[in-house]
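Below is one structure, written out as C-alpha cells, with a few remarks after it.
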Amino acid sequence: MQILDGKALSDTIKIELKKQSDVLGLSGITPGLAVILVGDDAASQTYVKMKEKACDSAGIYSIIHKMPSTISQEKILETITMINTNPNIDGVLVQLPLPKHIDTTKIIEAIDPKKDVDGFHPFNVGRLVAGLDGFVPCTPLGVMRLLSHYTIDVKGLDACVVGASNIVGKPMMNLLLNAGATVDICHIFTKDLKEHTKKADLVIVGVGKQNLITEDMVKEGAIVIDIGINKTAEGRIVGDVDYENVAPKCTYITPVPGGVGPMTIAMLLENTIKAAHNRLV
Ligand code: NAD
C-alpha cells in the first residue's frame with residue numbers, strides 16, 4: 001500500500017508556481033485573487049485564511065472582501081462587478097456556503113468566466129463536460145493531479161465516485177470520463193452503495209460522512225481517494241473512509257488530512273496563475 005502524499009506534492013507545486021509568478025513579474029504582472037467571504041462561518045474563515053497564506057507563498061496578491069451575513073445579494077453582485085472589471089485581479093472566488101437569503105447560482109453566474117478560478121460558472125462547467133480547456137473545480141482537479149503524479153493512469157479503470165455535488169462529485173466524474181475511465185456515480189439515493197464501490201478499481205469519495213466507506217465495501221488492490229472532511233467528537237479531522245481498516249487492502253490511498261485538501265489549495269493557486277497568463281495574450 002502506498003500513501004498518496006498530497007501535502008508533499010502541493011508543496012512542490014507551490015514552489016513551481018512561485019517561479020511562474022516571478023516570471024510574470026518580469027512583465028509587470030502580479031497575479032491577483034479576490035475572495036468574497038460572507039458571514040462568520042468558522043470553517044469558511046479557516047479556509048479563507050489558508051488560501052490567503054497559500055497565495056502569499058506563491059507570489060499571488062490576494063484581497064478578501066469580508067461581508068456580514070446580513071449583506072444583500074445586490075451588494076455582493078456589485079462587488080463581483082467591480083472585481084470583474086479590475087485589471088489587477090485575475091481570479092475571483094466566492095467562499096461557499098452563502099447565507100440562505102442569497103441565491104448562490106445568481107452569484108456564481110455573475111463571475112466573469114475568465115476569472116472563475118473555482119470553475120463553478122456554467123460556462124466552465126460546460127467546457128469541462130465537453131472536454132474543452134477552461135477552469136476546472138480545484139478539488140477534483142487536485143485529485144487528477146495527484147493520480148498523475150503517482151503515474152496512475154485512469155484510462156480503462158472502473159471508477160466509482162461517491163457524492164454528486166456540483167463542486168466535487170460531478171466534475172470528478174467528468175474528469176475521469178474525459179481521461180478514459182468507466183465511471184459510476186453514487187449519491188444519497190443510491191440503492192446499494194456497496195454494490196457500486198465493491199467492483200471499482202478506483203473509489204473516490206466526497207460526501208462528508210465519517211466511516212461511510214468501510215473495509216467490506218472496497219475490493220482488494222483498489223485505489224481509494226478520500227475527499228471528505230469531518231470533525232470527530234474529539235476534534236480530530238478525518239475523511240469519509242475508515243482509513244485504518246481500508247488502507248491495508250489498497251494499492252494506493254490518500255490520508256486525511258494531508259491528501260486531497262492541500263491539493264485543492266494548490267490547484268486554486270494554479271488556476272489563478274493560469275488566469276494571470278491571460279493578461280499576456
Ligand atoms: P454536499 O453536501 O454538497 O454533497 C454531498 C454529496 O454526497 C451529495 O451528492 C449527496 O447526495 C451525497 N451523499 C450524502 N450522503 C450520502 C450517502 N450516505 N451515501 C452516498 N452519497 C451520499 O457536499 P460537498 O460540498 O460535495 O462536500 C463533500 C465532502 O467533501 C465534505 O466532507 C466536504 O467537507 C469535503 N470537501 C473537501 C474538499 C477538500 O479540499 N478536501 C473540498 C470540498 C469539499
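If you're wondering about the labels, chains in the C-alpha cells are A, B, ... by order shown, residues count from 1 in each chain, ligands from 1 in order shown.
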Within 8 Å of range 171-183 of chain A, counting only C-alpha atoms, which residues show up once you throw out same-chain ones fewer than 5 positions away? Write them as an MDAnalysis selection string, please.
chainID A and resid 125 128:129 131 136:137 140:141 144 154:161 166
Nearby polymer residues, ligand 1, at most 6 Å, only C-alpha atoms and all ligand atoms, as an MDAnalysis selection string
chainID A and resid 139 162:165 167:168 186:188 206:208 227:230 260:261 264
Selection file, C-alpha atoms, as a PDB file, in the first residue's frame:
ATOM      1  CA  THR A 139     -10.744  19.639  -5.620  1.00  0.00           C
ATOM      2  CA  VAL A 162     -19.412   8.661  -4.220  1.00  0.00           C
ATOM      3  CA  GLY A 163     -21.039  12.085  -3.794  1.00  0.00           C
ATOM      4  CA  ALA A 164     -22.556  14.010  -6.688  1.00  0.00           C
ATOM      5  CA  SER A 165     -22.322  17.705  -5.793  1.00  0.00           C
ATOM      6  CA  ILE A 167     -18.270  21.228  -6.798  1.00  0.00           C
ATOM      7  CA  VAL A 168     -16.885  17.760  -6.063  1.00  0.00           C
ATOM      8  CA  CYS A 186     -23.408   7.387  -6.405  1.00  0.00           C
ATOM      9  CA  HIS A 187     -25.313   9.684  -4.083  1.00  0.00           C
ATOM     10  CA  ILE A 188     -27.745   9.791  -1.206  1.00  0.00           C
ATOM     11  CA  GLY A 206     -16.592  13.143  -1.240  1.00  0.00           C
ATOM     12  CA  VAL A 207     -19.686  13.064   0.940  1.00  0.00           C
ATOM     13  CA  GLY A 208     -18.964  14.391   4.435  1.00  0.00           C
ATOM     14  CA  ILE A 227     -12.139  13.906  -0.280  1.00  0.00           C
ATOM     15  CA  GLY A 228     -14.377  14.059   2.801  1.00  0.00           C
ATOM     16  CA  ILE A 229     -13.619  16.342   5.732  1.00  0.00           C
ATOM     17  CA  ASN A 230     -15.272  15.543   9.070  1.00  0.00           C
ATOM     18  CA  VAL A 260      -6.732  15.960  -1.251  1.00  0.00           C
ATOM     19  CA  GLY A 261      -7.084  19.068   0.975  1.00  0.00           C
ATOM     20  CA  THR A 264      -7.261  21.725  -3.599  1.00  0.00           C
TER      21      THR A 264
END
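Of the residues under consideration (A:Glu215, A:Glu270, A:Asp240, A:Asp116), A:Glu270 shows the shortest atom-to-atom contact distance to Lys19 in chain A when counting only C-alpha atoms.
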Env of Ala58 in chain A: 12 Å cut, atoms = only C-alpha atoms, seq-sep filter 3 positions within chain, self excluded. Answer as a VMD selection string.
chain A and resid 10 to 24 30 to 33 51 to 55 61 to 62 265 to 273
Running DSSP on the backbone, which parts of range 170-199 of chain A land in helix (DSSP H, G or I), as a short mmCIF file (atom, residue, chain, number, x, y, z; two decimals) with all heavy atoms, in the first residue's frame?
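The file below, part.cif, is the result:
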data_model
loop_
_atom_site.label_atom_id
_atom_site.label_comp_id
_atom_site.auth_asym_id
_atom_site.auth_seq_id
_atom_site.Cartn_x
_atom_site.Cartn_y
_atom_site.Cartn_z
N LYS A 170 -19.65 15.73 -9.35
CA LYS A 170 -19.95 15.81 -10.79
C LYS A 170 -18.71 16.18 -11.62
O LYS A 170 -18.44 15.53 -12.62
CB LYS A 170 -21.10 16.79 -11.04
CG LYS A 170 -22.46 16.22 -10.66
CD LYS A 170 -23.55 17.18 -11.13
CE LYS A 170 -24.77 17.09 -10.27
NZ LYS A 170 -25.67 18.24 -10.47
N PRO A 171 -17.95 17.23 -11.22
CA PRO A 171 -16.75 17.50 -12.02
C PRO A 171 -15.74 16.35 -11.96
O PRO A 171 -15.02 16.08 -12.93
CB PRO A 171 -16.18 18.79 -11.43
CG PRO A 171 -16.89 19.02 -10.13
CD PRO A 171 -18.19 18.30 -10.22
N MET A 172 -15.69 15.65 -10.81
CA MET A 172 -14.78 14.49 -10.68
C MET A 172 -15.17 13.44 -11.72
O MET A 172 -14.32 12.88 -12.42
CB MET A 172 -14.93 13.93 -9.26
CG MET A 172 -13.93 12.89 -8.87
SD MET A 172 -12.30 13.59 -8.57
CE MET A 172 -11.35 13.09 -9.98
N MET A 173 -16.47 13.20 -11.82
CA MET A 173 -16.97 12.22 -12.79
C MET A 173 -16.57 12.62 -14.22
O MET A 173 -16.09 11.79 -14.99
CB MET A 173 -18.50 12.17 -12.69
CG MET A 173 -19.15 11.30 -13.73
SD MET A 173 -20.93 11.60 -13.82
CE MET A 173 -20.99 13.14 -14.70
N ASN A 174 -16.72 13.91 -14.53
CA ASN A 174 -16.40 14.35 -15.90
C ASN A 174 -14.91 14.25 -16.20
O ASN A 174 -14.52 13.86 -17.30
CB ASN A 174 -16.89 15.78 -16.11
CG ASN A 174 -18.39 15.82 -16.32
OD1 ASN A 174 -18.90 15.25 -17.28
ND2 ASN A 174 -19.11 16.42 -15.42
N LEU A 175 -14.08 14.58 -15.23
CA LEU A 175 -12.64 14.49 -15.45
C LEU A 175 -12.23 13.03 -15.68
O LEU A 175 -11.41 12.74 -16.56
CB LEU A 175 -11.87 15.06 -14.24
CG LEU A 175 -11.86 16.58 -14.13
CD1 LEU A 175 -11.35 17.01 -12.76
CD2 LEU A 175 -10.99 17.19 -15.23
N LEU A 176 -12.79 12.14 -14.89
CA LEU A 176 -12.46 10.71 -15.04
C LEU A 176 -12.92 10.19 -16.40
O LEU A 176 -12.19 9.48 -17.09
CB LEU A 176 -13.09 9.90 -13.91
CG LEU A 176 -12.51 10.11 -12.51
CD1 LEU A 176 -13.42 9.49 -11.45
CD2 LEU A 176 -11.10 9.52 -12.41
N LEU A 177 -14.13 10.58 -16.77
CA LEU A 177 -14.69 10.16 -18.06
C LEU A 177 -13.81 10.67 -19.21
O LEU A 177 -13.45 9.93 -20.12
CB LEU A 177 -16.12 10.70 -18.17
CG LEU A 177 -16.97 10.24 -19.33
CD1 LEU A 177 -17.17 8.72 -19.30
CD2 LEU A 177 -18.34 10.93 -19.27
N ASN A 178 -13.44 11.96 -19.12
CA ASN A 178 -12.60 12.55 -20.16
C ASN A 178 -11.24 11.85 -20.25
O ASN A 178 -10.61 11.84 -21.29
CB ASN A 178 -12.37 14.05 -19.90
CG ASN A 178 -13.64 14.86 -20.07
OD1 ASN A 178 -14.63 14.38 -20.60
ND2 ASN A 178 -13.63 16.10 -19.58
N LEU A 193 -24.99 1.15 -2.12
CA LEU A 193 -23.69 1.80 -2.35
C LEU A 193 -22.57 0.76 -2.51
O LEU A 193 -21.74 0.85 -3.42
CB LEU A 193 -23.41 2.76 -1.19
CG LEU A 193 -22.13 3.58 -1.27
CD1 LEU A 193 -22.10 4.44 -2.52
CD2 LEU A 193 -21.99 4.46 -0.02
N LYS A 194 -22.60 -0.23 -1.65
CA LYS A 194 -21.53 -1.24 -1.64
C LYS A 194 -21.45 -1.98 -2.99
O LYS A 194 -20.36 -2.31 -3.47
CB LYS A 194 -21.80 -2.22 -0.50
CG LYS A 194 -20.78 -3.34 -0.39
CD LYS A 194 -21.07 -4.18 0.82
CE LYS A 194 -20.29 -5.48 0.80
NZ LYS A 194 -20.57 -6.29 1.97
N GLU A 195 -22.60 -2.20 -3.59
CA GLU A 195 -22.61 -2.90 -4.88
C GLU A 195 -21.76 -2.15 -5.91
O GLU A 195 -21.12 -2.73 -6.77
CB GLU A 195 -24.07 -2.99 -5.36
CG GLU A 195 -24.28 -3.96 -6.52
CD GLU A 195 -25.58 -3.66 -7.26
OE1 GLU A 195 -26.55 -3.28 -6.57
OE2 GLU A 195 -25.60 -3.77 -8.48
N HIS A 196 -21.76 -0.82 -5.80
CA HIS A 196 -21.00 0.00 -6.75
C HIS A 196 -19.52 0.11 -6.36
O HIS A 196 -18.64 0.01 -7.20
CB HIS A 196 -21.61 1.40 -6.83
CG HIS A 196 -23.00 1.41 -7.37
ND1 HIS A 196 -23.28 1.56 -8.70
CD2 HIS A 196 -24.19 1.24 -6.75
CE1 HIS A 196 -24.60 1.51 -8.89
NE2 HIS A 196 -25.17 1.32 -7.70
N THR A 197 -19.27 0.36 -5.07
CA THR A 197 -17.87 0.59 -4.65
C THR A 197 -17.06 -0.70 -4.74
O THR A 197 -15.89 -0.68 -5.09
CB THR A 197 -17.81 1.11 -3.19
OG1 THR A 197 -18.48 0.19 -2.33
CG2 THR A 197 -18.43 2.49 -3.07
#
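Interatomic distance, CA of Asn86 in chain A against CA of Thr46 in chain A: 26.1 Å.
Nearest residue to Cys138 in chain A, choosing from A:Met263, A:Ala233, A:Met1, A:Ala34 and counting only C-alpha atoms: A:Met263.
Of note, CA of Asp216 in chain A and CA of Glu244 in chain A are spaced 12.7 Å apart.
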What's the 10 Å shell around range 99-113 of chain A, counting only C-alpha atoms, without same-chain residues fewer than 4 positions away, as a PyMOL selection string?
chain A and resi 38-39+41+68-74+76-78+80-81+83-85+90-94+117-124+134-135
Quick check, in Å to one decimal: how far apart do CA of Tyr252 in chain A and CA of Gly221 in chain A lie?
8.0 Å
Write out as a ChimeraX atom specification each polymer residue whose atoms come within 9 Å of Arg279 in chain A, counting only C-alpha atoms; drop sequence neighbours fewer than 4 positions from it.
/A:29,87,90,275
With C-alpha atoms retained, write the just-selected residues as a tab-separated table (two decimals), in the first residue's frame.
chain	number	residue	atom	x	y	z
A	29	ILE	CA	2.13	41.29	-13.70
A	87	PRO	CA	-7.43	44.68	-14.33
A	90	ASP	CA	-7.18	37.62	-12.29
A	275	ALA	CA	-5.82	33.28	-15.36
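Ranking A:Lys191, A:Lys115, A:Arg236, A:His149 by their shortest atom-to-atom distance to Ala8 in chain A, with only C-alpha atoms included, puts A:His149 first.
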